[in-house]
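Structure, as structure tokens:
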Amino acid sequence: MVRYRTGAVALTAVLMMSTAGMAQDKRVVTYNADFDPAPLAAMEEVIASFEEANPDIDVQLNNFDHEGYKTSIRNFLSADAPDLANWYAGNRMKPFVDAGQFADVSDVWEEHGLKDKLASALPSMTFDDKQWGVPYTYYQWGIYYNKDAYEAAGVEVPGPEGVSWDQFLQNCEKFKAAGIDCVTTGTKALWPGAGIFDYINLRTNGYEFHMQLTAGEVAWTDDRVKAAFAEFAKLQPYLTRNHAALDWQDAAALLVQGKAANYVMGNFAVAVFKEGGMTNDNLGFMGFPEITEGLPRAEEAPTDTVHLTTGAKNPEDARKFLAYLATAEAQTTINNAMGQLPINKDATVGDDPFLQAGFEMLSTADGGIAQFFDRDAPAEMAKAGMEGFQEFMVKPENVDRILERLEKIRGRVY
């Protein structure tokens with residue numbers, strides 16, 4: 001029996017009476033979430049399938065709006081915790097782990113072989129060698145490109161395997177000569193620039209360093225940070241010049257029009273590219289190039305998760321539901337509705353070529369899955385960092401001053 005609310009509970013007396021008799025012999029699992037309509041319907045379908053297989057369990061889903069949920073979760077975890085709660089992987093979940101509000105569910109991972117089935121998300125779900133929730137969806141970031149722009153500049157169109165970093169930069173010089181932006185972006189809202197920095201840092205220093213940096217454990221003046229910015233400086237001359245005045249959709253238009261060749265962006269942008277007139281024939285996708293040779297490949301893939309709370313009244317049945325949510329069947333159902341990617345490597349993906357490419361890329365990432373800079377860093381540090389990235393992309397000569405400023409902010413924030 002799935003119950004639904006938006007914000008505060010809005011169950012009518014009639015509904016309460018009608019469900020009371022049906023649920024009186026069932027064990028209840030309460031689940032607080034923040035789904036949009038399409039994934040909500042898919043999760044309700046998943047819950048219904050679970051309840052059919054477990055007729056003695058009643059999962060009661062309470063749905064909040066996204067923004068309200070960010071505030072509500074801090075309140076209900078302290079006061080009246082549900083059994084299960086939606087949240088995010090990586091450093092975004094760590095404060096609740098450290099506060100003792102999310103429960104260790106390593107037993108669920110061990111019993112159901114999830115370290116293999118959900119291997120790509122294992123690092124982002126692990127702290128102190130324990131797993132603290134179950135991931136059910138993510139979406140890839142990478143480089144989307146316009147094949148027509150490549151042909152117009154006389155540059156060989158890359159295959160799914162992409163190109164080396166040196167070759168990518170050499171191609172940028174050819175695009176510049178042809179009057180085409182090699183890489184477009186719009187940093188008016190700051191976050192798109194963070195996607196570029198994250199990938200350069202992941203490819204230069206790796207996943208663990210990304211996590212240490214966003215957790216405040218590494219100085220922004222560290223030589224490894226400077227090494228990432230040195231690689232960033234190689235790309236900077238080839239970025240769309242007025243990116244600081246553009247929204248991400250404005251930059252998407254430049255890619256659609258062939259005025260730009262490449263765009264470092266998340267898969268949600270594909271719909272915008274196609275609404276602009278691109279098709280599977282001239283829109284391509286590739287992973288971000290390797291920079292440090294032999295470094296395990298980490299990817300950027302914001303991951304949504306469900307957690308068992310330490311205040312759970314029915315942890316045993318909640319664990320059963322987490323195990324079901326981790327199955328290929330459940331993850332196929334919800335991600336087909338969301339237009340995103342299942343994490344279970346045995347799940348199936350629709351025939352969209354960009355989702356298929358993303359599924360292959362993320363499922364084989366052996367270096368970890370990062371959660372995006374503004375998810376992995378605290379809000380104040382994330383804002384300052386993204387402002388620094390934007391400034392660097394406009395004035396790379398300010399790099400030392402930018403890093404010194406970020407280091408001072410790190411000292412205050414953490």
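Letters A, B, ... go to the chains of the structure tokens in the order shown; residues in each chain start at 1; ligands are counted from 1 in the same order.
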
Practice task
Write out as an NGL selection string which residues come within 6 Å of range 330-343 of chain A when counting only C-alpha atoms, dropping same-chain ones fewer than 5 positions away.
Solution key: :A and (39 or 42 or 46 or 118 or 137-139 or 325 or 348)

Export N, CA and C atoms of the chosen residues as a PDB file, in the first residue's frame?
ATOM      1  N   PRO A  39       9.532   9.790 -11.667  1.00  0.00           N
ATOM      2  CA  PRO A  39      10.188   8.801 -10.803  1.00  0.00           C
ATOM      3  C   PRO A  39       9.333   8.382  -9.617  1.00  0.00           C
ATOM      4  N   ALA A  42       7.290   5.599 -10.824  1.00  0.00           N
ATOM      5  CA  ALA A  42       8.127   4.407 -10.982  1.00  0.00           C
ATOM      6  C   ALA A  42       8.450   3.776  -9.634  1.00  0.00           C
ATOM      7  N   VAL A  46       7.744   0.052  -8.106  1.00  0.00           N
ATOM      8  CA  VAL A  46       8.737  -0.789  -7.441  1.00  0.00           C
ATOM      9  C   VAL A  46       8.217  -1.252  -6.083  1.00  0.00           C
ATOM     10  N   LEU A 118      26.905  -3.524  -7.782  1.00  0.00           N
ATOM     11  CA  LEU A 118      26.891  -2.055  -7.730  1.00  0.00           C
ATOM     12  C   LEU A 118      28.315  -1.521  -7.629  1.00  0.00           C
ATOM     13  N   THR A 137      20.167   5.249  -8.790  1.00  0.00           N
ATOM     14  CA  THR A 137      20.194   5.920 -10.100  1.00  0.00           C
ATOM     15  C   THR A 137      21.347   6.903 -10.158  1.00  0.00           C
ATOM     16  N   TYR A 138      21.907   7.070 -11.355  1.00  0.00           N
ATOM     17  CA  TYR A 138      22.846   8.156 -11.614  1.00  0.00           C
ATOM     18  C   TYR A 138      22.786   8.498 -13.094  1.00  0.00           C
ATOM     19  N   TYR A 139      23.509   9.524 -13.496  1.00  0.00           N
ATOM     20  CA  TYR A 139      23.603   9.862 -14.916  1.00  0.00           C
ATOM     21  C   TYR A 139      25.015  10.340 -15.193  1.00  0.00           C
ATOM     22  N   LEU A 325      15.554  -2.881  -3.819  1.00  0.00           N
ATOM     23  CA  LEU A 325      15.843  -1.692  -4.620  1.00  0.00           C
ATOM     24  C   LEU A 325      17.168  -1.830  -5.363  1.00  0.00           C
ATOM     25  N   THR A 348      18.918  -3.447 -17.379  1.00  0.00           N
ATOM     26  CA  THR A 348      18.862  -3.148 -18.807  1.00  0.00           C
ATOM     27  C   THR A 348      18.563  -1.675 -19.019  1.00  0.00           C
TER      28      THR A 348
END

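Excluding Arg224 in chain A itself and same-chain residues fewer than 4 positions from it, the residues having an atom within 12 Å of it are Ile200, Asn201, Leu202, Arg203, Thr204, Asn205, Gly206, Phe209, His210, Gln212, Leu213, Val218, Ala219, Trp220, Ala228, Phe229, Ala230, Glu231, Thr292 and Leu403 of chain A, counting only C-alpha atoms.
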
Expected file contents, prior selection, C-alpha atoms, as a short mmCIF file (atom, residue, chain, number, x, y, z; two decimals), in the first residue's frame:
data_model
loop_
_atom_site.label_atom_id
_atom_site.label_comp_id
_atom_site.auth_asym_id
_atom_site.auth_seq_id
_atom_site.Cartn_x
_atom_site.Cartn_y
_atom_site.Cartn_z
CA ILE A 200 40.57 17.70 -15.11
CA ASN A 201 41.25 17.07 -11.40
CA LEU A 202 39.94 13.49 -11.57
CA ARG A 203 42.12 12.79 -14.61
CA THR A 204 45.17 14.51 -13.08
CA ASN A 205 44.95 13.34 -9.45
CA GLY A 206 42.20 10.70 -9.20
CA PHE A 209 42.20 13.22 -4.17
CA HIS A 210 38.92 14.72 -5.37
CA GLN A 212 40.07 14.72 0.02
CA LEU A 213 39.97 18.15 -1.62
CA VAL A 218 43.99 19.12 1.15
CA ALA A 219 45.25 22.69 0.85
CA TRP A 220 44.20 24.56 -2.26
CA ALA A 228 45.33 20.29 -12.12
CA PHE A 229 45.11 24.02 -12.81
CA ALA A 230 48.16 23.75 -15.08
CA GLU A 231 46.22 21.27 -17.22
CA THR A 292 47.83 11.07 -15.96
CA LEU A 403 44.14 29.46 -4.83
#

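For the choices A:Phe354, A:Phe392, A:Tyr207, A:Phe127, the atom-to-atom distance to Val270 in chain A is smallest for A:Phe354 when using only C-alpha atoms.
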
Exercise for the section: Name the residues in contact with Trp141 in chain A at a cut-off of 12 Å, using only C-alpha atoms, excluding same-chain residues fewer than 2 positions from it; report them as number ranges by chain. Expected result: A: 138-139, 143-144, 192, 194-196, 198-199, 263-270, 285-288, 298-303, 340-341, 354-355, 357-359, 361-362, 369-372

Can you pull out every residue from range 72-193 of chain A that DSSP, working from the backbone, puts in alpha helix (DSSP H), and format the result as a PDB file with N, CA and C atoms, in the first residue's frame?
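This is the output file part.pdb:
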ATOM      1  N   SER A  72      13.813  19.524   5.632  1.00  0.00           N
ATOM      2  CA  SER A  72      13.039  18.575   6.427  1.00  0.00           C
ATOM      3  C   SER A  72      13.873  17.404   6.920  1.00  0.00           C
ATOM      4  N   ILE A  73      14.811  16.918   6.100  1.00  0.00           N
ATOM      5  CA  ILE A  73      15.559  15.719   6.474  1.00  0.00           C
ATOM      6  C   ILE A  73      16.343  15.952   7.760  1.00  0.00           C
ATOM      7  N   ARG A  74      16.870  17.158   7.923  1.00  0.00           N
ATOM      8  CA  ARG A  74      17.633  17.449   9.136  1.00  0.00           C
ATOM      9  C   ARG A  74      16.737  17.448  10.370  1.00  0.00           C
ATOM     10  N   ASN A  75      15.492  17.809  10.154  1.00  0.00           N
ATOM     11  CA  ASN A  75      14.548  17.817  11.272  1.00  0.00           C
ATOM     12  C   ASN A  75      14.043  16.414  11.593  1.00  0.00           C
ATOM     13  N   PHE A  76      13.573  15.689  10.567  1.00  0.00           N
ATOM     14  CA  PHE A  76      12.945  14.408  10.882  1.00  0.00           C
ATOM     15  C   PHE A  76      13.954  13.337  11.291  1.00  0.00           C
ATOM     16  N   LEU A  77      15.211  13.438  10.852  1.00  0.00           N
ATOM     17  CA  LEU A  77      16.199  12.470  11.312  1.00  0.00           C
ATOM     18  C   LEU A  77      16.480  12.629  12.804  1.00  0.00           C
ATOM     19  N   SER A  78      16.308  13.837  13.303  1.00  0.00           N
ATOM     20  CA  SER A  78      16.560  14.108  14.725  1.00  0.00           C
ATOM     21  C   SER A  78      15.340  13.861  15.596  1.00  0.00           C
ATOM     22  N   ALA A  79      14.155  14.123  15.027  1.00  0.00           N
ATOM     23  CA  ALA A  79      12.942  14.096  15.852  1.00  0.00           C
ATOM     24  C   ALA A  79      12.113  12.828  15.683  1.00  0.00           C
ATOM     25  N   LYS A  94      28.056  12.001   4.137  1.00  0.00           N
ATOM     26  CA  LYS A  94      28.984  11.828   5.251  1.00  0.00           C
ATOM     27  C   LYS A  94      28.553  12.548   6.536  1.00  0.00           C
ATOM     28  N   PRO A  95      28.013  13.776   6.481  1.00  0.00           N
ATOM     29  CA  PRO A  95      27.591  14.402   7.735  1.00  0.00           C
ATOM     30  C   PRO A  95      26.553  13.592   8.503  1.00  0.00           C
ATOM     31  N   PHE A  96      25.642  12.920   7.782  1.00  0.00           N
ATOM     32  CA  PHE A  96      24.638  12.099   8.453  1.00  0.00           C
ATOM     33  C   PHE A  96      25.248  10.804   8.989  1.00  0.00           C
ATOM     34  N   VAL A  97      26.283  10.308   8.277  1.00  0.00           N
ATOM     35  CA  VAL A  97      27.018   9.147   8.785  1.00  0.00           C
ATOM     36  C   VAL A  97      27.757   9.531  10.060  1.00  0.00           C
ATOM     37  N   ASP A  98      28.470  10.664  10.014  1.00  0.00           N
ATOM     38  CA  ASP A  98      29.249  11.114  11.171  1.00  0.00           C
ATOM     39  C   ASP A  98      28.356  11.435  12.365  1.00  0.00           C
ATOM     40  N   SER A 106      26.239  -2.558   5.570  1.00  0.00           N
ATOM     41  CA  SER A 106      27.233  -3.425   4.928  1.00  0.00           C
ATOM     42  C   SER A 106      26.727  -4.857   4.816  1.00  0.00           C
ATOM     43  N   ASP A 107      25.882  -5.270   5.768  1.00  0.00           N
ATOM     44  CA  ASP A 107      25.353  -6.635   5.735  1.00  0.00           C
ATOM     45  C   ASP A 107      24.491  -6.866   4.500  1.00  0.00           C
ATOM     46  N   VAL A 108      23.733  -5.832   4.092  1.00  0.00           N
ATOM     47  CA  VAL A 108      22.909  -5.944   2.883  1.00  0.00           C
ATOM     48  C   VAL A 108      23.808  -6.106   1.661  1.00  0.00           C
ATOM     49  N   TRP A 109      24.877  -5.329   1.601  1.00  0.00           N
ATOM     50  CA  TRP A 109      25.824  -5.411   0.490  1.00  0.00           C
ATOM     51  C   TRP A 109      26.478  -6.791   0.432  1.00  0.00           C
ATOM     52  N   GLU A 110      26.878  -7.312   1.577  1.00  0.00           N
ATOM     53  CA  GLU A 110      27.558  -8.608   1.605  1.00  0.00           C
ATOM     54  C   GLU A 110      26.607  -9.744   1.238  1.00  0.00           C
ATOM     55  N   GLU A 111      25.437  -9.750   1.841  1.00  0.00           N
ATOM     56  CA  GLU A 111      24.497 -10.854   1.646  1.00  0.00           C
ATOM     57  C   GLU A 111      24.015 -10.963   0.208  1.00  0.00           C
ATOM     58  N   LEU A 114      26.362  -7.080  -3.530  1.00  0.00           N
ATOM     59  CA  LEU A 114      26.242  -5.744  -4.130  1.00  0.00           C
ATOM     60  C   LEU A 114      27.587  -5.101  -4.449  1.00  0.00           C
ATOM     61  N   LYS A 115      28.647  -5.563  -3.797  1.00  0.00           N
ATOM     62  CA  LYS A 115      29.956  -4.993  -4.115  1.00  0.00           C
ATOM     63  C   LYS A 115      30.349  -5.308  -5.550  1.00  0.00           C
ATOM     64  N   ASP A 116      29.808  -6.383  -6.077  1.00  0.00           N
ATOM     65  CA  ASP A 116      30.018  -6.722  -7.488  1.00  0.00           C
ATOM     66  C   ASP A 116      28.943  -6.073  -8.361  1.00  0.00           C
ATOM     67  N   LYS A 117      27.675  -6.216  -7.980  1.00  0.00           N
ATOM     68  CA  LYS A 117      26.581  -5.725  -8.814  1.00  0.00           C
ATOM     69  C   LYS A 117      26.527  -4.191  -8.882  1.00  0.00           C
ATOM     70  N   LYS A 147      29.331  16.455 -34.602  1.00  0.00           N
ATOM     71  CA  LYS A 147      30.117  15.837 -35.674  1.00  0.00           C
ATOM     72  C   LYS A 147      30.251  16.762 -36.875  1.00  0.00           C
ATOM     73  N   ASP A 148      29.221  17.572 -37.126  1.00  0.00           N
ATOM     74  CA  ASP A 148      29.294  18.504 -38.261  1.00  0.00           C
ATOM     75  C   ASP A 148      30.386  19.551 -38.044  1.00  0.00           C
ATOM     76  N   ALA A 149      30.547  19.999 -36.794  1.00  0.00           N
ATOM     77  CA  ALA A 149      31.599  20.969 -36.487  1.00  0.00           C
ATOM     78  C   ALA A 149      32.976  20.345 -36.686  1.00  0.00           C
ATOM     79  N   TYR A 150      33.119  19.096 -36.320  1.00  0.00           N
ATOM     80  CA  TYR A 150      34.389  18.399 -36.539  1.00  0.00           C
ATOM     81  C   TYR A 150      34.718  18.359 -38.030  1.00  0.00           C
ATOM     82  N   GLU A 151      33.721  17.982 -38.815  1.00  0.00           N
ATOM     83  CA  GLU A 151      33.959  17.880 -40.257  1.00  0.00           C
ATOM     84  C   GLU A 151      34.245  19.242 -40.872  1.00  0.00           C
ATOM     85  N   ALA A 152      33.559  20.278 -40.372  1.00  0.00           N
ATOM     86  CA  ALA A 152      33.779  21.633 -40.902  1.00  0.00           C
ATOM     87  C   ALA A 152      35.189  22.122 -40.632  1.00  0.00           C
ATOM     88  N   TRP A 165      44.437  13.258 -24.339  1.00  0.00           N
ATOM     89  CA  TRP A 165      44.426  14.664 -23.933  1.00  0.00           C
ATOM     90  C   TRP A 165      45.250  15.519 -24.902  1.00  0.00           C
ATOM     91  N   ASP A 166      46.418  15.025 -25.277  1.00  0.00           N
ATOM     92  CA  ASP A 166      47.251  15.776 -26.225  1.00  0.00           C
ATOM     93  C   ASP A 166      46.527  15.952 -27.553  1.00  0.00           C
ATOM     94  N   GLN A 167      45.866  14.881 -28.023  1.00  0.00           N
ATOM     95  CA  GLN A 167      45.153  14.971 -29.291  1.00  0.00           C
ATOM     96  C   GLN A 167      43.967  15.918 -29.173  1.00  0.00           C
ATOM     97  N   PHE A 168      43.293  15.892 -28.040  1.00  0.00           N
ATOM     98  CA  PHE A 168      42.156  16.791 -27.836  1.00  0.00           C
ATOM     99  C   PHE A 168      42.611  18.237 -27.933  1.00  0.00           C
ATOM    100  N   LEU A 169      43.737  18.565 -27.290  1.00  0.00           N
ATOM    101  CA  LEU A 169      44.244  19.940 -27.322  1.00  0.00           C
ATOM    102  C   LEU A 169      44.715  20.316 -28.723  1.00  0.00           C
ATOM    103  N   GLN A 170      45.311  19.365 -29.429  1.00  0.00           N
ATOM    104  CA  GLN A 170      45.709  19.635 -30.821  1.00  0.00           C
ATOM    105  C   GLN A 170      44.484  19.908 -31.689  1.00  0.00           C
ATOM    106  N   ASN A 171      43.424  19.157 -31.457  1.00  0.00           N
ATOM    107  CA  ASN A 171      42.175  19.402 -32.178  1.00  0.00           C
ATOM    108  C   ASN A 171      41.634  20.791 -31.858  1.00  0.00           C
ATOM    109  N   CYS A 172      41.773  21.204 -30.590  1.00  0.00           N
ATOM    110  CA  CYS A 172      41.308  22.536 -30.203  1.00  0.00           C
ATOM    111  C   CYS A 172      41.966  23.619 -31.041  1.00  0.00           C
ATOM    112  N   GLU A 173      43.239  23.450 -31.328  1.00  0.00           N
ATOM    113  CA  GLU A 173      43.949  24.442 -32.142  1.00  0.00           C
ATOM    114  C   GLU A 173      43.358  24.489 -33.552  1.00  0.00           C
ATOM    115  N   LYS A 174      42.959  23.339 -34.078  1.00  0.00           N
ATOM    116  CA  LYS A 174      42.344  23.296 -35.414  1.00  0.00           C
ATOM    117  C   LYS A 174      40.965  23.960 -35.400  1.00  0.00           C
ATOM    118  N   PHE A 175      40.209  23.730 -34.340  1.00  0.00           N
ATOM    119  CA  PHE A 175      38.901  24.386 -34.238  1.00  0.00           C
ATOM    120  C   PHE A 175      39.065  25.904 -34.146  1.00  0.00           C
ATOM    121  N   LYS A 176      40.047  26.328 -33.383  1.00  0.00           N
ATOM    122  CA  LYS A 176      40.294  27.773 -33.246  1.00  0.00           C
ATOM    123  C   LYS A 176      40.620  28.387 -34.597  1.00  0.00           C
ATOM    124  N   ALA A 177      41.428  27.700 -35.370  1.00  0.00           N
ATOM    125  CA  ALA A 177      41.795  28.201 -36.703  1.00  0.00           C
ATOM    126  C   ALA A 177      40.576  28.278 -37.615  1.00  0.00           C
ATOM    127  N   TRP A 191      27.981  26.394 -11.903  1.00  0.00           N
ATOM    128  CA  TRP A 191      28.211  24.954 -11.806  1.00  0.00           C
ATOM    129  C   TRP A 191      28.775  24.287 -13.062  1.00  0.00           C
ATOM    130  N   PRO A 192      28.468  24.749 -14.290  1.00  0.00           N
ATOM    131  CA  PRO A 192      29.068  24.053 -15.433  1.00  0.00           C
ATOM    132  C   PRO A 192      30.603  24.096 -15.430  1.00  0.00           C
ATOM    133  N   GLY A 193      31.175  25.203 -14.923  1.00  0.00           N
ATOM    134  CA  GLY A 193      32.635  25.276 -14.835  1.00  0.00           C
ATOM    135  C   GLY A 193      33.201  24.259 -13.872  1.00  0.00           C
TER     136      GLY A 193
END

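The shortest atom-to-atom distance to Thr187 in chain A, with only C-alpha atoms taken into account, belongs to A:Phe389 out of A:Phe64, A:Phe321, A:Phe389, A:Tyr414.
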